[in-house]
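Enquirer: Please read through the structure below; I'll follow up with questions.
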Amino acid sequence: MISEHSEDLLREVASLPSLPGVYRYFDAQGQVLYVGKAINLKKRVSSYFQKNHGGTRIGHMVSKIVRLETTVVRSEAEALLLENNLIKTLNPKYNILFRDDKSYPYLKMSGQAPAAKQLAMEVPKDAPTGARMVPNPAVFARVSYYRGGVEKKHRYFGPYPSAWAVKEAILLMQKVFRLRTCEDPVFSNRTRPCLLYQIKRCSAPCVGHINAADYAEDVANAERFLRGDAREVMQELETRMMAYADRLEFEQAAEIRNQVAALSNVLHQQSVDNVSDRDVDIVAVKVQGGKACVNLAMVRGGRHLGDRPYFPVHVEEAAGLEDADEAQRPSVEAQVLEAFLAQHYTGVPMPSVLVVSEPVSKNLLSALSQQGGMKVTAVHQPREQRRAWLDMAQTNAALQLARLLAEEGSQQARTRALAEALDLAIDNLEDLRIECFDISHTAGENTQASCVVFHHHKMQNAEYRRYNIDGITGGDDYAAMRQVLTRRYSKLAEALSEAKHSGVLPAGTGRLPDLVLVDGGKGQVAMAREVFESLGLDLSLIVGVEKGEGRKVGLEELVFADGRDKVYLGADSAALMLVAQIRDEAHRFAITGMRAQRAKVRVGGGKLEEIAGIGPKRRAKLLQRFGGVRGVALASAEDIASVEGISRELAEDIYRALH
């Protein structure tokens, strides 16, 4: 093994310090192979080059190493944190990787509780003398769905595993505590209650049907419930109800009684009566068939909010590369679990208790505690309610992994069927790359082309591209197809042409797909053929997906640019299913892009300040008067001109921009 590496590399290994740190291995192309941590850099890294690993995965990786980099740190915990930051940044081939998908939604409680300085009702500054008092939205907190960075002036509850879980919680806040969900401009401009008041989902603070103190009490109870103090909230509501009844205020007592009943029903449905845990994450791992699933379930405020599956990549490549001795090496499940915990909780708030399906090392818990600023404990063999939660998470992990394996098996069968049906000369079906194009517009306006990519038996969302099409006659799909194909492949064609003469392909050059699908029949295929002929590319790559009789799904035919006869694969063909899947995805991607572009053009993208002459102050006045951008768009030029600070000429400009 030693003789396979350069003397410079071996000399560098021999000179490493005996200190804790992180190391990175690189191959001849400069790609990162592996990132690891070590208590003793010299001892750990040397072990890779002093042993004969044979034909194992670690031996295969070591044979590719041509360069290494190291970083010395102060402790093993610091090394662990740096290691996982580098793993997420560098995406090494032989490390277990999780998508950096931490954009969890939150339930947001905006506005502040009433204080002595704040007024529940106020007269707008620009209102004429004698105008009615309107509620101050800052005093009456709003509950809403939120995703993004947090601000100190608001309160946030979560994170929640899904948008659905947040919306369920908001519905609960409406049913039990009748908190408002409307935006501030709408709230400030209402003159009568909305439908939510009529169906007992809001107490209508916008029109003064509840005073600031009572509303603040409802907000406080809602926040206490979200933090897990449901029993205390229930007792307090019952006390208030009895106090109203003693004073013979039976209408108010009935309102509280309804709240108690709704809250009692929620507690019964969610089984949180005897749960002592407030905030817990439950993490279960299932490994099968070279794939893994990590199921993360969240308990917040004593309520189980649901779960979310994660599917790591490079599990097979990383198996057996853990930096421990053979006897001490953790199982693949434990490796996957620790990789998830280290990568997932970097830079993300976490609870102090983790319930896990595999044991977790003390060093990892120490690093997580150091990072989170609190002691983090992991319970491996829980009891009672925690046991039930873990069993549920393990069942969900197994179900999600079974679904993934079934889908992948089906998708691989489809890929194989398409390669066979079209006689594609592909040695490894994993490498089959298909790019599909579609054109979308609205009556010739806002034309966009989409390009979606199928590779490694699945759609590669990160490689999707949209192209704004201009300089053509509106509605000319052929010209749009010519433009997008030229823009997509002209530079690649130039690079391939240069490589033929020089014999060297420039670094960073992409690759031609094995198949180019265009959504259309003979006309679109003829246009694609012209583009490929002008660029000197292989015509056999182009295949058109022509809709069948009556445009019915399953009757599509494939049209070839190189002169082959049309092919009908059959409605039950696995190959046609894959073609239809890719074509439909291209259509969906084009439609969503076109609609977003159309909304931006017609409604200013919701940004009135993009109109010349509209700054933050005028924008705020317009939104306050009309209740939002949609209201401004529906207003006439005369109505817009009636807003203070908006001249007749500027009103005309605004009207034209929004229509």
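Going by the structure tokens order, chains are called A, B, ..., each with residues numbered from 1, while ligands are numbered from 1 in the order shown.
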Give me the residues near Pro193 (chain A) as a ChimeraX atom specification, where near means some atom within 12 Å (using only C-alpha atoms) and where sequence neighbours in that chain fewer than 6 positions away do not count.

Expert: /A:180,182,186-187,199-210

Enquirer: Just to be explicit: take each residue in the selection above, keep N, CA, C and O atoms, and write the result as a compact mmCIF listing (two decimals), in the first residue's frame.

Expert:
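The resulting result_17.txt:
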# COMPACT_ATOMS: atom_id res chain seq x y z
N ARG A 180 -56.43 36.17 16.47
CA ARG A 180 -56.54 36.65 15.09
C ARG A 180 -55.40 36.10 14.22
O ARG A 180 -54.29 35.86 14.71
N CYS A 182 -55.32 37.55 10.78
CA CYS A 182 -55.27 38.50 9.66
C CYS A 182 -54.03 39.38 9.73
O CYS A 182 -53.49 39.63 10.82
N VAL A 186 -55.06 44.63 6.97
CA VAL A 186 -56.46 44.19 6.97
C VAL A 186 -57.09 44.46 8.33
O VAL A 186 -58.22 44.96 8.44
N PHE A 187 -56.35 44.12 9.38
CA PHE A 187 -56.84 44.32 10.76
C PHE A 187 -57.19 45.79 11.00
O PHE A 187 -58.23 46.11 11.59
N ILE A 199 -67.97 32.24 12.89
CA ILE A 199 -67.87 30.79 13.13
C ILE A 199 -67.05 30.48 14.38
O ILE A 199 -66.54 29.36 14.55
N LYS A 200 -66.90 31.49 15.25
CA LYS A 200 -66.24 31.30 16.55
C LYS A 200 -64.77 30.92 16.43
O LYS A 200 -64.26 30.09 17.19
N ARG A 201 -64.08 31.51 15.46
CA ARG A 201 -62.65 31.26 15.32
C ARG A 201 -61.82 32.50 15.64
O ARG A 201 -60.61 32.48 15.57
N CYS A 202 -62.45 33.62 15.94
CA CYS A 202 -61.74 34.85 16.26
C CYS A 202 -62.65 35.69 17.16
O CYS A 202 -63.88 35.67 17.01
N SER A 203 -62.05 36.43 18.09
CA SER A 203 -62.83 37.26 19.00
C SER A 203 -63.02 38.68 18.48
O SER A 203 -63.52 39.54 19.20
N ALA A 204 -62.61 38.96 17.23
CA ALA A 204 -62.82 40.25 16.55
C ALA A 204 -62.26 41.44 17.31
O ALA A 204 -62.97 42.42 17.56
N PRO A 205 -60.97 41.41 17.67
CA PRO A 205 -60.39 42.61 18.28
C PRO A 205 -60.31 43.78 17.30
O PRO A 205 -60.19 44.92 17.72
N CYS A 206 -60.41 43.48 16.01
CA CYS A 206 -60.30 44.53 14.99
C CYS A 206 -61.41 45.57 15.10
O CYS A 206 -61.25 46.71 14.66
N VAL A 207 -62.55 45.17 15.65
CA VAL A 207 -63.67 46.11 15.77
C VAL A 207 -64.08 46.29 17.23
O VAL A 207 -65.20 46.73 17.52
N GLY A 208 -63.19 45.93 18.15
CA GLY A 208 -63.43 46.20 19.56
C GLY A 208 -64.39 45.27 20.25
O GLY A 208 -64.94 45.61 21.31
N HIS A 209 -64.61 44.05 19.74
CA HIS A 209 -65.51 43.11 20.40
C HIS A 209 -64.86 42.44 21.61
O HIS A 209 -65.53 41.69 22.32
N ILE A 210 -63.58 42.68 21.80
CA ILE A 210 -62.88 42.20 23.00
C ILE A 210 -61.87 43.26 23.38
O ILE A 210 -61.25 43.89 22.50

Enquirer: What are the DSSP strand (DSSP E or B) residues of region 490-580 of chain A, as a list in words?

Expert: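 Checking each residue of region 490-580 of chain A, the strand (DSSP E or B) ones are Leu515, Val516, Leu517, Val518, Asp519, Ile542, Val543, Gly544, Val545, Glu546, Glu557, Leu558, Val559, Phe560 and Val567 of chain A.
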
Enquirer: I'd like the contact shell of region 566-576 of chain A - 8 Å cut-off, only C-alpha atoms, skipping same-chain residues fewer than 3 positions apart - returned as a list in words.

Expert: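 Contacts, with the query itself left out: Ala413, Arg414, Thr415, Arg416, Ala417, Leu418, Ala419, Ala421, Val553, Gly554, Leu555, Glu556, Glu557, Leu558, Val559, Phe560, Val579 and Ala580 of chain A.
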
Enquirer: Could you pull the residues within 7 Å of Glu435 (chain A), counting only C-alpha atoms, minus those fewer than 4 positions along the same chain, as a PyMOL selection string?

Expert: chain A and resi 451-454+513+515-517

Enquirer: Can you write out the residues you just picked, keeping all heavy atoms, as a compact mmCIF listing (two decimals), in the first residue's frame?

Expert:
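Result file out30.txt:
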# COMPACT_ATOMS: atom_id res chain seq x y z
N CYS A 451 -35.92 23.40 -18.36
CA CYS A 451 -35.06 22.24 -18.61
C CYS A 451 -34.97 21.46 -17.31
O CYS A 451 -34.52 22.00 -16.29
CB CYS A 451 -33.67 22.67 -19.07
SG CYS A 451 -32.50 21.30 -19.21
N VAL A 452 -35.42 20.21 -17.32
CA VAL A 452 -35.30 19.36 -16.14
C VAL A 452 -34.35 18.22 -16.46
O VAL A 452 -34.15 17.86 -17.62
CB VAL A 452 -36.67 18.82 -15.68
CG1 VAL A 452 -37.62 19.96 -15.35
CG2 VAL A 452 -37.29 17.92 -16.74
N VAL A 453 -33.75 17.67 -15.41
CA VAL A 453 -32.68 16.67 -15.58
C VAL A 453 -33.04 15.40 -14.82
O VAL A 453 -33.42 15.45 -13.64
CB VAL A 453 -31.34 17.23 -15.07
CG1 VAL A 453 -30.24 16.17 -15.20
CG2 VAL A 453 -30.95 18.49 -15.85
N PHE A 454 -32.91 14.26 -15.51
CA PHE A 454 -33.07 12.94 -14.91
C PHE A 454 -31.71 12.26 -14.93
O PHE A 454 -31.08 12.12 -15.98
CB PHE A 454 -34.09 12.11 -15.71
CG PHE A 454 -34.28 10.71 -15.20
CD1 PHE A 454 -35.20 10.44 -14.19
CD2 PHE A 454 -33.56 9.65 -15.73
CE1 PHE A 454 -35.39 9.15 -13.73
CE2 PHE A 454 -33.73 8.36 -15.27
CZ PHE A 454 -34.65 8.11 -14.26
N PRO A 513 -26.11 15.20 -22.49
CA PRO A 513 -27.00 14.14 -22.00
C PRO A 513 -27.02 12.97 -22.99
O PRO A 513 -26.65 13.11 -24.15
CB PRO A 513 -28.36 14.85 -21.93
CG PRO A 513 -28.26 15.97 -22.91
CD PRO A 513 -26.83 16.41 -22.89
N LEU A 515 -29.80 11.60 -23.74
CA LEU A 515 -31.08 11.75 -24.43
C LEU A 515 -31.61 13.15 -24.17
O LEU A 515 -31.56 13.64 -23.04
CB LEU A 515 -32.07 10.71 -23.91
CG LEU A 515 -33.34 10.46 -24.73
CD1 LEU A 515 -32.99 9.89 -26.11
CD2 LEU A 515 -34.28 9.52 -23.98
N VAL A 516 -32.09 13.80 -25.24
CA VAL A 516 -32.72 15.12 -25.13
C VAL A 516 -34.18 14.98 -25.53
O VAL A 516 -34.48 14.71 -26.70
CB VAL A 516 -32.01 16.16 -26.02
CG1 VAL A 516 -32.75 17.50 -25.95
CG2 VAL A 516 -30.55 16.33 -25.60
N LEU A 517 -35.08 15.14 -24.56
CA LEU A 517 -36.51 15.06 -24.84
C LEU A 517 -37.08 16.45 -25.05
O LEU A 517 -36.75 17.38 -24.30
CB LEU A 517 -37.25 14.40 -23.67
CG LEU A 517 -36.95 12.93 -23.37
CD1 LEU A 517 -37.76 12.48 -22.15
CD2 LEU A 517 -37.27 12.05 -24.56

Enquirer: Could you list, as JSON, numbers by chain, every residue within 8 Å of region 530-536 of chain A, counting only C-alpha atoms and ignoring same-chain residues fewer than 4 positions away?

Expert: {"A": [482, 485, 486, 489, 490, 493, 494, 526]}

Enquirer: Go ahead and write the selection's residues with N, CA, C and O atoms as a PDB file, in the first residue's frame.

Expert:
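Contents of result.pdb, as written:
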ATOM      1  N   ARG A 482     -35.843  26.890 -30.315  1.00  0.00           N
ATOM      2  CA  ARG A 482     -34.534  27.141 -30.928  1.00  0.00           C
ATOM      3  C   ARG A 482     -33.647  27.929 -29.962  1.00  0.00           C
ATOM      4  O   ARG A 482     -32.472  27.620 -29.776  1.00  0.00           O
ATOM      5  N   LEU A 485     -32.499  25.756 -26.731  1.00  0.00           N
ATOM      6  CA  LEU A 485     -31.514  24.718 -27.049  1.00  0.00           C
ATOM      7  C   LEU A 485     -30.172  25.325 -27.415  1.00  0.00           C
ATOM      8  O   LEU A 485     -29.115  24.787 -27.049  1.00  0.00           O
ATOM      9  N   THR A 486     -30.203  26.456 -28.123  1.00  0.00           N
ATOM     10  CA  THR A 486     -28.946  27.129 -28.472  1.00  0.00           C
ATOM     11  C   THR A 486     -28.245  27.621 -27.223  1.00  0.00           C
ATOM     12  O   THR A 486     -27.025  27.443 -27.064  1.00  0.00           O
ATOM     13  N   TYR A 489     -26.790  24.485 -25.167  1.00  0.00           N
ATOM     14  CA  TYR A 489     -25.731  23.595 -25.651  1.00  0.00           C
ATOM     15  C   TYR A 489     -24.627  24.274 -26.472  1.00  0.00           C
ATOM     16  O   TYR A 489     -23.661  23.605 -26.836  1.00  0.00           O
ATOM     17  N   SER A 490     -24.734  25.571 -26.762  1.00  0.00           N
ATOM     18  CA  SER A 490     -23.731  26.195 -27.639  1.00  0.00           C
ATOM     19  C   SER A 490     -22.336  26.190 -27.010  1.00  0.00           C
ATOM     20  O   SER A 490     -21.347  25.843 -27.671  1.00  0.00           O
ATOM     21  N   ALA A 493     -20.947  22.692 -26.948  1.00  0.00           N
ATOM     22  CA  ALA A 493     -20.528  22.272 -28.290  1.00  0.00           C
ATOM     23  C   ALA A 493     -19.176  22.868 -28.645  1.00  0.00           C
ATOM     24  O   ALA A 493     -18.320  22.193 -29.238  1.00  0.00           O
ATOM     25  N   GLU A 494     -18.951  24.141 -28.284  1.00  0.00           N
ATOM     26  CA  GLU A 494     -17.654  24.782 -28.548  1.00  0.00           C
ATOM     27  C   GLU A 494     -16.533  24.068 -27.798  1.00  0.00           C
ATOM     28  O   GLU A 494     -15.453  23.822 -28.353  1.00  0.00           O
ATOM     29  N   ALA A 526     -37.999  19.015 -35.536  1.00  0.00           N
ATOM     30  CA  ALA A 526     -37.292  19.617 -36.676  1.00  0.00           C
ATOM     31  C   ALA A 526     -36.492  20.825 -36.228  1.00  0.00           C
ATOM     32  O   ALA A 526     -35.355  21.047 -36.689  1.00  0.00           O
TER      33      ALA A 526
END

Enquirer: Using only C-alpha atoms, determine which residues lie at most 12 Å from Glu183 (chain A), disregarding the query and same-chain residues fewer than 4 positions distant; provide the list as a list in words.

Expert: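 The neighbour list is Ser110, Gly111, Pro137, Ala138, Phe140, Ala141, Arg142, Val143, Ser144, Tyr145, Phe187, Ser188, Asn189, Arg190, Cys206, Leu623, Gln624, Gly627 and Gly628 of chain A.
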
Enquirer: Return as a PyMOL selection string the full set of residues in region 140-351 of chain A whose backbone-based DSSP assignment is helix (DSSP H, G or I).

Expert: chain A and resi 163-177+184-188+195-198+205-207+212-227+230-246+250-270+315-318+332-344

Enquirer: For Val150 (chain A), please output as a list in words all residues within 10 Å (counting only C-alpha atoms; exclusion window: fewer than 6 positions along the same chain).

Expert: Tyr106, Lys108 and Tyr156 of chain A

Enquirer: May I have the residues from that selection written out with N, CA, C and O atoms, as a CSV table (one decimal), in the first residue's frame?

Expert:
chain,number,residue,atom,x,y,z
A,106,TYR,N,-42.2,27.6,11.8
A,106,TYR,CA,-42.5,27.9,13.2
A,106,TYR,C,-43.9,28.5,13.3
A,106,TYR,O,-44.5,29.0,12.3
A,108,LYS,N,-45.6,31.7,14.8
A,108,LYS,CA,-45.2,33.0,15.2
A,108,LYS,C,-46.3,33.7,15.9
A,108,LYS,O,-47.4,33.8,15.4
A,156,TYR,N,-41.7,32.9,19.0
A,156,TYR,CA,-41.7,31.8,18.1
A,156,TYR,C,-41.8,30.5,18.8
A,156,TYR,O,-41.2,30.3,19.8

Enquirer: Calculated over only C-alpha atoms, which of the candidates A:Lys491, A:Arg57, A:Arg11, A:Lys88 has the smallest distance to Gln343 (chain A)?

Expert: A:Lys88

Enquirer: Nearest to Thr395 (chain A): which of A:Glu223, A:Asp218, A:Asp307, A:Glu649 is it, counting only C-alpha atoms?

Expert: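 With only C-alpha atoms as the atom set, the closest residue is A:Asp307.
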
Enquirer: Using only C-alpha atoms, can you tell me which of A:Thr56, A:Thr442, A:Gln412, A:Ser361 comes closest to Pro330 (chain A)?

Expert: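 Smallest separation from Pro330 (chain A) among the options: A:Ser361.
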
Enquirer: Could you jot down the CA of Asp229 (chain A) to CA of Glu168 (chain A) separation for me, Å, one decimal place?

Expert: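 Taking CA of Asp229 (chain A) as the start and CA of Glu168 (chain A) as the end point, the length is 18.5 Å.
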
Enquirer: For each of A:Ile591, A:Met350, A:Ala243, A:Ala318, take the minimum atom-to-atom distance to Gly36 (chain A), counting only C-alpha atoms, then give the residue where this is smallest.

Expert: A:Ala318

Enquirer: To one decimal place, how far is CA of Val72 (chain A) from CA of Leu19 (chain A) in Å?

Expert: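 Going from CA of Val72 (chain A) over to CA of Leu19 (chain A) covers 6.7 Å.
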